[in-house]
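J.: The structure file start22.pdb (PDB, C-alpha atoms and all ligand atoms) is provided below.
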```pdb
ATOM      1  CA  MET R   6     -66.327 -23.675 -19.793  1.00  0.00           C
ATOM      2  CA  SER R   7     -63.201 -24.148 -21.875  1.00  0.00           C
ATOM      3  CA  ALA R   8     -59.870 -23.014 -20.478  1.00  0.00           C
ATOM      4  CA  ALA R   9     -59.483 -20.456 -23.284  1.00  0.00           C
ATOM      5  CA  ARG R  10     -62.938 -19.030 -22.633  1.00  0.00           C
ATOM      6  CA  LYS R  11     -62.250 -18.903 -18.909  1.00  0.00           C
ATOM      7  CA  ALA R  12     -58.972 -17.066 -19.561  1.00  0.00           C
ATOM      8  CA  ARG R  13     -60.693 -14.555 -21.860  1.00  0.00           C
ATOM      9  CA  ARG R  14     -63.370 -13.912 -19.245  1.00  0.00           C
ATOM     10  CA  MET R  15     -60.732 -13.437 -16.550  1.00  0.00           C
ATOM     11  CA  MET R  16     -58.845 -10.948 -18.727  1.00  0.00           C
ATOM     12  CA  ARG R  17     -62.063  -9.060 -19.464  1.00  0.00           C
ATOM     13  CA  ASP R  18     -63.054  -8.876 -15.820  1.00  0.00           C
ATOM     14  CA  ASN R  19     -59.534  -8.330 -14.477  1.00  0.00           C
ATOM     15  CA  PRO R  20     -57.423  -6.683 -17.169  1.00  0.00           C
ATOM     16  CA  ILE R  21     -54.537  -6.401 -14.739  1.00  0.00           C
ATOM     17  CA  ALA R  22     -54.531  -9.485 -12.545  1.00  0.00           C
ATOM     18  CA  PRO R  23     -55.331  -8.539  -8.945  1.00  0.00           C
ATOM     19  CA  GLY R  24     -53.242 -10.059  -6.194  1.00  0.00           C
ATOM     20  CA  HIS R  25     -50.100 -10.172  -8.316  1.00  0.00           C
ATOM     21  CA  ASN R  26     -47.332  -7.701  -7.535  1.00  0.00           C
ATOM     22  CA  TYR R  27     -46.912  -6.852 -11.200  1.00  0.00           C
ATOM     23  CA  GLY R  28     -50.443  -5.395 -11.476  1.00  0.00           C
ATOM     24  CA  ALA R  29     -49.590  -2.321  -9.427  1.00  0.00           C
ATOM     25  CA  LYS R  30     -46.287  -1.895 -11.271  1.00  0.00           C
ATOM     26  CA  VAL R  31     -47.995  -2.016 -14.681  1.00  0.00           C
ATOM     27  CA  GLU R  32     -50.650   0.449 -13.513  1.00  0.00           C
ATOM     28  CA  GLN R  33     -47.943   2.791 -12.224  1.00  0.00           C
ATOM     29  CA  TYR R  34     -46.045   2.506 -15.494  1.00  0.00           C
ATOM     30  CA  LEU R  35     -49.185   3.437 -17.434  1.00  0.00           C
ATOM     31  CA  ARG R  36     -49.818   6.428 -15.144  1.00  0.00           C
ATOM     32  CA  ASP R  37     -46.240   7.641 -15.670  1.00  0.00           C
ATOM     33  CA  ASN R  38     -46.220   6.808 -19.417  1.00  0.00           C
ATOM     34  CA  PRO R  39     -49.761   7.196 -20.763  1.00  0.00           C
ATOM     35  CA  PRO R  40     -50.240   5.392 -24.079  1.00  0.00           C
ATOM     36  CA  VAL R  41     -50.338   7.711 -27.085  1.00  0.00           C
ATOM     37  CA  PRO R  42     -53.626   7.455 -29.014  1.00  0.00           C
ATOM     38  CA  GLY R  43     -53.148   5.774 -32.360  1.00  0.00           C
ATOM     39  CA  THR R  44     -50.053   3.906 -31.270  1.00  0.00           C
ATOM     40  CA  PHE R  45     -49.455   0.431 -29.950  1.00  0.00           C
ATOM     41  CA  LEU R  46     -47.843  -0.144 -26.568  1.00  0.00           C
ATOM     42  CA  GLU R  47     -46.605  -3.512 -25.403  1.00  0.00           C
ATOM     43  CA  ILE R  48     -45.264  -3.794 -21.880  1.00  0.00           C
ATOM     44  CA  GLY R  49     -42.968  -6.560 -20.707  1.00  0.00           C
ATOM     45  CA  THR R  50     -42.973  -7.776 -17.117  1.00  0.00           C
ATOM     46  CA  TYR R  51     -39.705  -9.347 -16.017  1.00  0.00           C
ATOM     47  CA  HIS R  52     -39.917 -11.440 -12.855  1.00  0.00           C
ATOM     48  CA  ASP R  53     -37.206 -12.562 -10.493  1.00  0.00           C
ATOM     49  CA  ASP R  54     -36.157 -16.188 -10.946  1.00  0.00           C
ATOM     50  CA  TRP R  55     -37.784 -17.179  -7.651  1.00  0.00           C
ATOM     51  CA  CYS R  56     -41.139 -15.472  -8.367  1.00  0.00           C
ATOM     52  CA  GLY R  57     -44.287 -17.479  -7.654  1.00  0.00           C
ATOM     53  CA  VAL R  58     -45.585 -17.077 -11.238  1.00  0.00           C
ATOM     54  CA  PHE R  59     -43.039 -19.675 -12.344  1.00  0.00           C
ATOM     55  CA  LYS R  60     -44.599 -22.172  -9.928  1.00  0.00           C
ATOM     56  CA  GLY R  61     -48.168 -21.522 -11.065  1.00  0.00           C
ATOM     57  CA  GLY R  62     -48.837 -19.089  -8.235  1.00  0.00           C
ATOM     58  CA  ARG R  63     -48.974 -15.365  -7.795  1.00  0.00           C
ATOM     59  CA  CYS R  64     -46.295 -12.823  -8.555  1.00  0.00           C
ATOM     60  CA  ASN R  65     -44.598 -12.106  -5.248  1.00  0.00           C
ATOM     61  CA  CYS R  66     -41.435 -10.462  -6.565  1.00  0.00           C
ATOM     62  CA  ASP R  67     -40.645  -6.849  -7.500  1.00  0.00           C
ATOM     63  CA  PRO R  68     -40.700  -7.246 -11.290  1.00  0.00           C
ATOM     64  CA  ASP R  69     -39.177  -4.903 -13.826  1.00  0.00           C
ATOM     65  CA  VAL R  70     -41.829  -3.374 -16.083  1.00  0.00           C
ATOM     66  CA  ARG R  71     -40.712  -1.785 -19.338  1.00  0.00           C
ATOM     67  CA  PRO R  72     -41.944  -1.333 -22.883  1.00  0.00           C
ATOM     68  CA  ILE R  73     -41.049  -3.863 -25.555  1.00  0.00           C
ATOM     69  CA  ASP R  74     -39.735  -2.175 -28.686  1.00  0.00           C
ATOM     70  CA  ARG R  75     -40.942  -4.070 -31.724  1.00  0.00           C
ATOM     71  CA  THR R  76     -39.954  -1.379 -34.209  1.00  0.00           C
ATOM     72  CA  PRO R  77     -38.946  -3.282 -37.343  1.00  0.00           C
ATOM     73  CA  ASP R  78     -35.247  -3.136 -38.127  1.00  0.00           C
ATOM     74  CA  PRO R  79     -34.791  -2.461 -41.872  1.00  0.00           C
ATOM     75  CA  SER R  80     -31.585  -4.522 -41.837  1.00  0.00           C
ATOM     76  CA  ALA R  81     -33.711  -7.581 -41.027  1.00  0.00           C
ATOM     77  CA  ASN R  82     -35.278  -7.437 -44.514  1.00  0.00           C
TER      78      ASN R  82
HETATM   79 ZN    ZN E 101     -43.079 -11.693 -10.122  1.00  0.00          ZN
END
```
Can the structure in the file be given as structure tokens, please?
Ligand SMILES: [Zn+2]
T.:
Amino acid sequence: MSAARKARRMMRDNPIAPGHNYGAKVEQYLRDNPPVPGTFLEIGTYHDDWCGVFKGGRCNCDPDVRPIDRTPDPSAN
């Protein structure tokens, strides 16, 4: 199985990666801030510098979870 296919299957089976600290934080964020139907929500997860994800392991920090605002800025045109 290709790496991309394996990754897609993992995301399908485990939409929020189990065993990583950020999973519970993202789930809590979504409970507190339910997505509005018809809108798009992108959430950023910001890990501590020493977090295991940067070494190919699991998230073992207390990451910040917050929405990413991609609202276009008219001045950028
Ligand atoms: Zn982390």
J.: Using all atoms listed in the file, find each protein or nucleic acid residue lying at most 7 Å from ligand ZN 101 (chain E); present the set as an MDAnalysis selection string.
T.: chainID R and resid 26:27 52:53 56:58 64:68
J.: Could you list, as number ranges by chain, every residue within 9 Å of R:Ile73, counting all atoms listed in the file and ignoring same-chain residues fewer than 2 positions away?
T.: R: 46-49, 71, 75
J.: Take every atom of stretch 25-36 of chain R listed in the file, pad by 8 Å on each side, and give me the axis-aligned box centre and edge lengths in Å, one decimal, as JSON.
T.:
```
{"center_x": -48.3, "center_y": -1.9, "center_z": -12.5, "size_x": 20.6, "size_y": 32.6, "size_z": 25.9}
```
J.: What is the distance between atom CA of R:Gly24 and atom CA of R:Pro40, in Å to one decimal?
T.: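 Between atom CA of R:Gly24 and atom CA of R:Pro40 the gap is 23.8 Å.
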J.: Take atom CA of R:Phe45 and atom CA of R:Gln33 and report the distance between them in Å, one decimal.
T.: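 Distance between the two atoms: 17.9 Å.
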J.: Report, in Å to a single decimal, how far apart atom CA of R:Asp69 and atom CA of R:Pro42 are.
T.: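 Between atom CA of R:Pro42 and atom CA of R:Asp69 the gap is 24.3 Å.
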J.: Go through R:Asn82, R:Pro77, R:Val70, R:Gly62 one by one, measure the shortest atom-to-atom distance of each to R:Asp37 using only C-alpha atoms, and give the residue with the smallest value.
T.: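 With only C-alpha atoms as the atom set, the closest residue is R:Val70.
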J.: Hey, could you patch up stretch 56-71 of chain R with N, CA and C atoms and hand it over as a compact mmCIF listing (two decimals), in the coordinates of the input?
T.:
```
# COMPACT_ATOMS: atom_id res chain seq x y z
N CYS R 56 -39.76 -15.97 -8.46
CA CYS R 56 -41.14 -15.47 -8.37
C CYS R 56 -42.14 -16.64 -8.43
N GLY R 57 -43.25 -16.45 -7.71
CA GLY R 57 -44.29 -17.48 -7.65
C GLY R 57 -44.96 -17.76 -8.98
N VAL R 58 -44.92 -16.83 -9.95
CA VAL R 58 -45.58 -17.08 -11.24
C VAL R 58 -44.96 -18.27 -11.95
N PHE R 59 -43.69 -18.55 -11.67
CA PHE R 59 -43.04 -19.68 -12.34
C PHE R 59 -43.41 -21.01 -11.71
N LYS R 60 -44.14 -20.95 -10.59
CA LYS R 60 -44.60 -22.17 -9.93
C LYS R 60 -46.12 -22.27 -9.99
N GLY R 61 -46.72 -21.48 -10.90
CA GLY R 61 -48.17 -21.52 -11.06
C GLY R 61 -48.91 -20.71 -10.02
N GLY R 62 -48.20 -19.88 -9.28
CA GLY R 62 -48.84 -19.09 -8.24
C GLY R 62 -48.89 -17.62 -8.60
N ARG R 63 -48.88 -16.81 -7.59
CA ARG R 63 -48.97 -15.36 -7.80
C ARG R 63 -47.60 -14.73 -7.83
N CYS R 64 -47.54 -13.58 -8.52
CA CYS R 64 -46.30 -12.82 -8.56
C CYS R 64 -46.05 -12.24 -7.17
N ASN R 65 -44.95 -12.62 -6.57
CA ASN R 65 -44.60 -12.11 -5.25
C ASN R 65 -43.22 -11.45 -5.27
N CYS R 66 -42.73 -11.13 -6.47
CA CYS R 66 -41.44 -10.46 -6.56
C CYS R 66 -41.65 -8.98 -6.86
N ASP R 67 -40.58 -8.26 -7.13
CA ASP R 67 -40.65 -6.85 -7.50
C ASP R 67 -40.20 -6.77 -8.96
N PRO R 68 -41.11 -7.08 -9.89
CA PRO R 68 -40.70 -7.25 -11.29
C PRO R 68 -40.32 -5.93 -11.95
N ASP R 69 -39.47 -6.05 -12.96
CA ASP R 69 -39.18 -4.90 -13.83
C ASP R 69 -40.29 -4.83 -14.86
N VAL R 70 -40.78 -3.60 -15.09
CA VAL R 70 -41.83 -3.37 -16.08
C VAL R 70 -41.30 -2.35 -17.06
N ARG R 71 -41.22 -2.72 -18.33
CA ARG R 71 -40.71 -1.78 -19.34
C ARG R 71 -41.31 -2.12 -20.70
```
